[in-house]
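Written out below as structure tokens is the structure these notes cover.
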Amino acid sequence: MFLTISTTGTPERPATDLGFLLHKHPESAQAFSTSYGTAHVLYPEASAERCTAALLLEVDSVALVRRSKGKGGQGKTADAALAQYVNDRPYAASSLLAVALSTVFSSALRGVCKARPERAEEPLALRVEVPALPARGGPDLVRKLFEPLGWTVGVESVALDEQFPEWGESRYVRLVLEGELRLAQALRHLYVLLPVLDDAKHYWVSADEVDKLLRAGEGWLAGHPEQRLITSRYLSRRWSLTRQAMQRLELVRLADADDTDVEEIDNAVDESTDTEEKPVPLAVRRREAILDALRASGAARVLDLGCGQGQLVQELLKDVRFTEIVGLDVSVRALTIAGRRLKLERMGERQASRVRLVQGSLAYTDKRLKGYDAAVLSEVIEHLDLPRLPALEYAVFGSARPRTVLVTTPNVEYNVRWETLPAGHVRHGDHRFEWTREEFRTWAERVAGRHGYDVRYVPVGPDDPEVGPPTQMAVFTVQETPKAAEKAEKAEKAEKEAAA
Ligand code: SAH
């Protein structure tokens with residue numbers, strides 16, 4: 001098993017810095033024993049202009065079999081037993097090579113380089129070559145996996161036997177990757193994608209593989225077009241682990257799409273107000289409308305779901321009638337900013353006992369959200385992909401089930417009135433959709449009907465006669481179920497009878 005990594009350089013920035021980055025000196029060949037055999041690192045070339053490091057793994061098939069005994073129930077049939085000893089493992093790059101990579105280049109994988117810290121941070125002109133890579137899915141899949149990561153991919157199938165072309169292709173490819181990438185990033189791509197292509201892990205995949213995958217996938221896996229295939233194959237198609245990893249990647253993606261600029265357009269002034277007065281930003285109007293509706297509902301314990309950077313929580317704290325305020329968001333960064341805005345650390349004990357910020361996703365039911373009077377979803381639903389919306393609906397209206405739910409979202413019809421918004425654009429880059437009044441109402445009626453709520457609508461901002469208001473708000477109130485009403489009536493009757 002064999003893999004080479006090369007880079008080019010100049011006298012000022014010599015290619016031999018690769019040795020520092022890999023923590024392996026170019027002048028000596030080194031050997032490391034791993035659980036499956038010996039890994040050698042050597043440099044076939046090492047000059048200022050060009051430097052190549054080679055990783056060669058000499059697999060000890062017998063050690064491999066011994067180590068995997070009792071794991072994964074191998075060796076049940078005679079064929080399988082023989083396959084343990086006679087197989088392609090010693091020759092092809094695979095999950096074993098990935099393990100060797102992580103053993104031999106562990107610091108480089110983490111991007112740590114004390115001697116040349118600045119070189120570890122910058123992209124290098126890299127060339128990676130793997131002469132024999134088992135690749136289930138062939139050259140097409142190889143391209144689909146590496147190209148979105150910024151690699152130029154050269155991939156050729158290897159014939160089963162060059163003398164007998166009619167035998168067709170083997171399951172191996174020769175892979176050459178070229179690109180300008182940070183070395184750590186390149187190694188992480190290989191560490192994950194080589195075993196994904198091999199699709200046959202040599203060891204039993206346990207729960208901590210999810211952590212390993214997410215660590216190595218940092219910065220590139222969330223949002224990769226083949227994220228599902230990569231995750232599923234990496235975790236040897238163990239469905240429960242794959243689901244766990246996909247959920248965590250979703251959290252990562254959402255946190256990355258963080259909303260630092262969420263208020264950009266919201267702060268655009270609303271020109272229809274009297275010119276004598278200072279114009280009021282839409283975000284302020286929205287909070288006013290929400291506070292009014294909350295007060296009218298009589299709520300004391302309030303959830304701000306998708307609280308972002310905590311502006312509404314801050315307003316809620318100013319009114320003592322709100323005795324318990326919970327801000328939830330999926331983004332740790334938003335919550336950190338919210339905590340700073342609220343000065344949580346310096347808050348007096350009484351004030352602090354009224355407020356909590358918690359991380360969570362509305363795409364999953366959450367016991368912590370049960371038993372509140374009201375929940376606010378201010379400019380949140382449009383940040384979820386439409387197929388995920390039913391999950392949020394269930395988490396809020398089915399599981400948490402507060403008496404009142406306020407949902408605000410942009411009215412897309414109003415977009416023509418924003419002077420700064422090019423036609424056909426949504427108001428924020430992370431908006432997955434924006435609805436007309438009709439679409440919002442259709443959605444709201446369906447949710448209300450399904451979960452036993454009544455719903456009414458409140459315009460927020462100037463209600464344009466043609467296109468409606470910039471923000472639309474739905475106020476959901478839970479219906480007294482006939483059964484609950486009946487029960488209450490019966491109890492009352494019984495009480496009266498007992499008293500008589
Ligand atoms: N409510 C605030 C912030 C709106 S921006 C306001 O009105 O200003 C949308 C917020 O929803 C972001 O902070 C985003 O991190 C959060 N969000 C998006 N998807 C979420 C999810 N699935 N679970 C929880 N929060 C989510």
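Every chain in the structure tokens has a letter given in the order shown (A, B, ...), and although residue numbers restart at 1 in each chain, ligands are simply numbered from 1 in the order shown.
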
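If you count only C-alpha atoms and ignore residues fewer than 4 places along the chain from Val376 (chain A), what sits within 7 Å of it is Leu303, Asp304, Leu305, Val405, Leu406 and Val407 of chain A.
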
Check which residues fall inside 6 Å of ligand 1 when counting only C-alpha atoms and all ligand atoms, and print them as a PDB file with N, CA, C and O atoms, in the first residue's frame.
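This went into part-v4.pdb:
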ATOM      1  N   ASP A 258     -24.508  30.856  10.118  1.00  0.00           N
ATOM      2  CA  ASP A 258     -24.848  31.758  11.203  1.00  0.00           C
ATOM      3  C   ASP A 258     -25.351  33.116  10.731  1.00  0.00           C
ATOM      4  O   ASP A 258     -25.025  33.581   9.658  1.00  0.00           O
ATOM      5  N   ASP A 259     -26.121  33.741  11.575  1.00  0.00           N
ATOM      6  CA  ASP A 259     -26.860  34.910  11.122  1.00  0.00           C
ATOM      7  C   ASP A 259     -26.309  36.241  11.566  1.00  0.00           C
ATOM      8  O   ASP A 259     -27.041  37.088  12.031  1.00  0.00           O
ATOM      9  N   GLY A 306     -35.191  29.862  18.415  1.00  0.00           N
ATOM     10  CA  GLY A 306     -34.392  30.487  17.356  1.00  0.00           C
ATOM     11  C   GLY A 306     -34.151  31.923  17.768  1.00  0.00           C
ATOM     12  O   GLY A 306     -34.374  32.865  17.002  1.00  0.00           O
ATOM     13  N   CYS A 307     -33.663  32.091  18.998  1.00  0.00           N
ATOM     14  CA  CYS A 307     -33.584  33.438  19.604  1.00  0.00           C
ATOM     15  C   CYS A 307     -32.481  34.276  18.975  1.00  0.00           C
ATOM     16  O   CYS A 307     -32.415  35.485  19.197  1.00  0.00           O
ATOM     17  N   GLY A 308     -31.597  33.657  18.185  1.00  0.00           N
ATOM     18  CA  GLY A 308     -30.522  34.425  17.548  1.00  0.00           C
ATOM     19  C   GLY A 308     -29.669  35.110  18.595  1.00  0.00           C
ATOM     20  O   GLY A 308     -29.266  34.513  19.598  1.00  0.00           O
ATOM     21  N   ASP A 329     -31.411  28.325  20.635  1.00  0.00           N
ATOM     22  CA  ASP A 329     -30.928  28.456  19.251  1.00  0.00           C
ATOM     23  C   ASP A 329     -30.006  27.292  18.934  1.00  0.00           C
ATOM     24  O   ASP A 329     -29.418  26.690  19.831  1.00  0.00           O
ATOM     25  N   VAL A 330     -29.882  27.008  17.665  1.00  0.00           N
ATOM     26  CA  VAL A 330     -28.999  25.930  17.246  1.00  0.00           C
ATOM     27  C   VAL A 330     -27.560  26.430  17.161  1.00  0.00           C
ATOM     28  O   VAL A 330     -26.617  25.660  17.228  1.00  0.00           O
ATOM     29  N   SER A 331     -27.399  27.729  17.039  1.00  0.00           N
ATOM     30  CA  SER A 331     -26.072  28.289  16.810  1.00  0.00           C
ATOM     31  C   SER A 331     -25.404  28.700  18.115  1.00  0.00           C
ATOM     32  O   SER A 331     -25.869  29.584  18.826  1.00  0.00           O
ATOM     33  N   ALA A 334     -24.364  32.369  17.971  1.00  0.00           N
ATOM     34  CA  ALA A 334     -25.443  33.328  18.258  1.00  0.00           C
ATOM     35  C   ALA A 334     -25.686  33.388  19.769  1.00  0.00           C
ATOM     36  O   ALA A 334     -25.851  34.465  20.344  1.00  0.00           O
ATOM     37  N   GLY A 360     -30.113  24.002  21.069  1.00  0.00           N
ATOM     38  CA  GLY A 360     -30.920  22.868  20.653  1.00  0.00           C
ATOM     39  C   GLY A 360     -31.412  23.110  19.248  1.00  0.00           C
ATOM     40  O   GLY A 360     -31.263  24.196  18.720  1.00  0.00           O
ATOM     41  N   SER A 361     -31.964  22.058  18.661  1.00  0.00           N
ATOM     42  CA  SER A 361     -32.508  22.219  17.317  1.00  0.00           C
ATOM     43  C   SER A 361     -33.999  21.998  17.333  1.00  0.00           C
ATOM     44  O   SER A 361     -34.492  21.047  17.948  1.00  0.00           O
ATOM     45  N   LEU A 362     -34.704  22.854  16.627  1.00  0.00           N
ATOM     46  CA  LEU A 362     -36.156  22.730  16.551  1.00  0.00           C
ATOM     47  C   LEU A 362     -36.581  21.598  15.635  1.00  0.00           C
ATOM     48  O   LEU A 362     -37.745  21.320  15.494  1.00  0.00           O
ATOM     49  N   ALA A 363     -35.599  20.965  15.012  1.00  0.00           N
ATOM     50  CA  ALA A 363     -35.953  19.853  14.142  1.00  0.00           C
ATOM     51  C   ALA A 363     -36.166  18.568  14.951  1.00  0.00           C
ATOM     52  O   ALA A 363     -36.522  17.548  14.391  1.00  0.00           O
ATOM     53  N   SER A 378     -39.603  33.875  15.796  1.00  0.00           N
ATOM     54  CA  SER A 378     -39.504  35.124  15.053  1.00  0.00           C
ATOM     55  C   SER A 378     -38.467  34.989  13.955  1.00  0.00           C
ATOM     56  O   SER A 378     -37.275  34.849  14.229  1.00  0.00           O
ATOM     57  N   GLU A 379     -38.931  34.982  12.721  1.00  0.00           N
ATOM     58  CA  GLU A 379     -38.037  34.901  11.547  1.00  0.00           C
ATOM     59  C   GLU A 379     -37.163  33.650  11.608  1.00  0.00           C
ATOM     60  O   GLU A 379     -35.961  33.717  11.362  1.00  0.00           O
ATOM     61  N   VAL A 380     -37.782  32.528  11.918  1.00  0.00           N
ATOM     62  CA  VAL A 380     -37.026  31.283  12.057  1.00  0.00           C
ATOM     63  C   VAL A 380     -37.421  30.257  11.006  1.00  0.00           C
ATOM     64  O   VAL A 380     -36.551  29.635  10.381  1.00  0.00           O
ATOM     65  N   HIS A 383     -35.651  29.677   7.766  1.00  0.00           N
ATOM     66  CA  HIS A 383     -34.263  29.211   7.777  1.00  0.00           C
ATOM     67  C   HIS A 383     -34.173  27.689   7.685  1.00  0.00           C
ATOM     68  O   HIS A 383     -33.080  27.136   7.649  1.00  0.00           O
ATOM     69  N   LEU A 384     -35.317  27.018   7.713  1.00  0.00           N
ATOM     70  CA  LEU A 384     -35.268  25.558   7.595  1.00  0.00           C
ATOM     71  C   LEU A 384     -35.617  25.148   6.172  1.00  0.00           C
ATOM     72  O   LEU A 384     -36.472  25.776   5.534  1.00  0.00           O
TER      73      LEU A 384
END

| request: Enumerate the residues of region 143-229 of chain A with a DSSP assignment of strand (DSSP E), computed from the backbone, and present them as a VMD selection string. | output: chain A and resid 152 to 159 169 to 181

Residues as selected, N, CA and C atoms, written as a compact mmCIF listing (two decimals), in the first residue's frame, can you do that?
# COMPACT_ATOMS: atom_id res chain seq x y z
N THR A 152 -8.31 18.89 -8.37
CA THR A 152 -8.39 18.48 -9.76
C THR A 152 -8.08 16.99 -9.74
N VAL A 153 -9.01 16.20 -10.29
CA VAL A 153 -8.91 14.76 -10.10
C VAL A 153 -8.48 14.07 -11.38
N GLY A 154 -7.41 13.32 -11.32
CA GLY A 154 -7.03 12.44 -12.41
C GLY A 154 -7.29 11.02 -11.95
N VAL A 155 -8.13 10.28 -12.66
CA VAL A 155 -8.45 8.94 -12.19
C VAL A 155 -8.61 8.01 -13.38
N GLU A 156 -7.95 6.86 -13.30
CA GLU A 156 -8.04 5.87 -14.37
C GLU A 156 -8.35 4.53 -13.74
N SER A 157 -9.23 3.77 -14.40
CA SER A 157 -9.43 2.41 -13.88
C SER A 157 -8.21 1.59 -14.23
N VAL A 158 -7.95 0.64 -13.41
CA VAL A 158 -6.83 -0.27 -13.66
C VAL A 158 -7.42 -1.56 -14.22
N ALA A 159 -6.87 -2.04 -15.35
CA ALA A 159 -7.39 -3.26 -15.97
C ALA A 159 -7.09 -4.45 -15.06
N GLU A 169 -12.26 -4.19 -16.39
CA GLU A 169 -11.62 -3.36 -15.38
C GLU A 169 -11.63 -4.06 -14.01
N SER A 170 -10.62 -3.76 -13.24
CA SER A 170 -10.61 -4.25 -11.85
C SER A 170 -11.38 -3.25 -10.99
N ARG A 171 -11.44 -3.51 -9.69
CA ARG A 171 -12.11 -2.51 -8.86
C ARG A 171 -11.13 -1.45 -8.35
N TYR A 172 -9.96 -1.40 -9.00
CA TYR A 172 -8.94 -0.43 -8.58
C TYR A 172 -8.85 0.74 -9.53
N VAL A 173 -8.47 1.87 -8.98
CA VAL A 173 -8.16 3.00 -9.83
C VAL A 173 -6.79 3.55 -9.44
N ARG A 174 -6.20 4.26 -10.41
CA ARG A 174 -5.00 5.02 -10.10
C ARG A 174 -5.46 6.45 -9.93
N LEU A 175 -5.12 7.02 -8.78
CA LEU A 175 -5.67 8.34 -8.45
C LEU A 175 -4.57 9.37 -8.34
N VAL A 176 -4.76 10.51 -9.01
CA VAL A 176 -3.85 11.65 -8.85
C VAL A 176 -4.70 12.87 -8.51
N LEU A 177 -4.43 13.46 -7.36
CA LEU A 177 -5.16 14.66 -6.95
C LEU A 177 -4.22 15.84 -7.00
N GLU A 178 -4.68 16.95 -7.55
CA GLU A 178 -3.86 18.16 -7.52
C GLU A 178 -4.71 19.32 -7.05
N GLY A 179 -4.12 20.16 -6.21
CA GLY A 179 -4.89 21.31 -5.74
C GLY A 179 -4.07 22.17 -4.79
N GLU A 180 -4.61 23.36 -4.55
CA GLU A 180 -3.99 24.28 -3.58
C GLU A 180 -4.77 24.15 -2.30
N LEU A 181 -4.23 23.39 -1.36
CA LEU A 181 -4.97 23.16 -0.12
C LEU A 181 -4.03 23.17 1.06

| remark: Computed gap from CA of Ala448 (chain A) to CA of Phe476 (chain A) is 7.1 Å

| Counting only C-alpha atoms, what is within 9 Å of Pro44 (chain A), bar same-chain residues fewer than 5 positions away, as a ChimeraX atom specification? | /A:26,51-54

Once you have the residues from the selection above, write them out as an mmCIF file, in the first residue's frame, restricted to N, CA, C and O atoms.
data_model
loop_
_atom_site.group_PDB
_atom_site.id
_atom_site.type_symbol
_atom_site.label_atom_id
_atom_site.label_comp_id
_atom_site.auth_asym_id
_atom_site.auth_seq_id
_atom_site.Cartn_x
_atom_site.Cartn_y
_atom_site.Cartn_z
ATOM 1 N N PRO A 26 13.105 14.884 5.938
ATOM 2 C CA PRO A 26 13.320 14.347 4.585
ATOM 3 C C PRO A 26 14.585 13.501 4.436
ATOM 4 O O PRO A 26 14.683 12.718 3.498
ATOM 5 N N CYS A 51 9.389 18.354 -3.483
ATOM 6 C CA CYS A 51 9.600 17.426 -2.383
ATOM 7 C C CYS A 51 8.438 16.434 -2.364
ATOM 8 O O CYS A 51 7.277 16.819 -2.513
ATOM 9 N N THR A 52 8.774 15.170 -2.249
ATOM 10 C CA THR A 52 7.746 14.130 -2.228
ATOM 11 C C THR A 52 7.940 13.236 -1.006
ATOM 12 O O THR A 52 9.052 12.753 -0.768
ATOM 13 N N ALA A 53 6.884 13.077 -0.258
ATOM 14 C CA ALA A 53 6.919 12.129 0.857
ATOM 15 C C ALA A 53 6.095 10.913 0.463
ATOM 16 O O ALA A 53 5.022 11.057 -0.134
ATOM 17 N N ALA A 54 6.603 9.743 0.765
ATOM 18 C CA ALA A 54 5.864 8.522 0.445
ATOM 19 C C ALA A 54 5.524 7.798 1.737
ATOM 20 O O ALA A 54 6.347 7.723 2.654
#

| All residues 10 Å or closer to Ala395 (chain A), only C-alpha atoms, same chain fewer than 5 positions away omitted, as a PyMOL selection string | chain A and resi 361-367+369-370+389-390+400-401

| request: Please measure the separation of CA of Leu56 (chain A) and CA of Thr231 (chain A), giving the value in Å to one decimal. | output: 26.6 Å
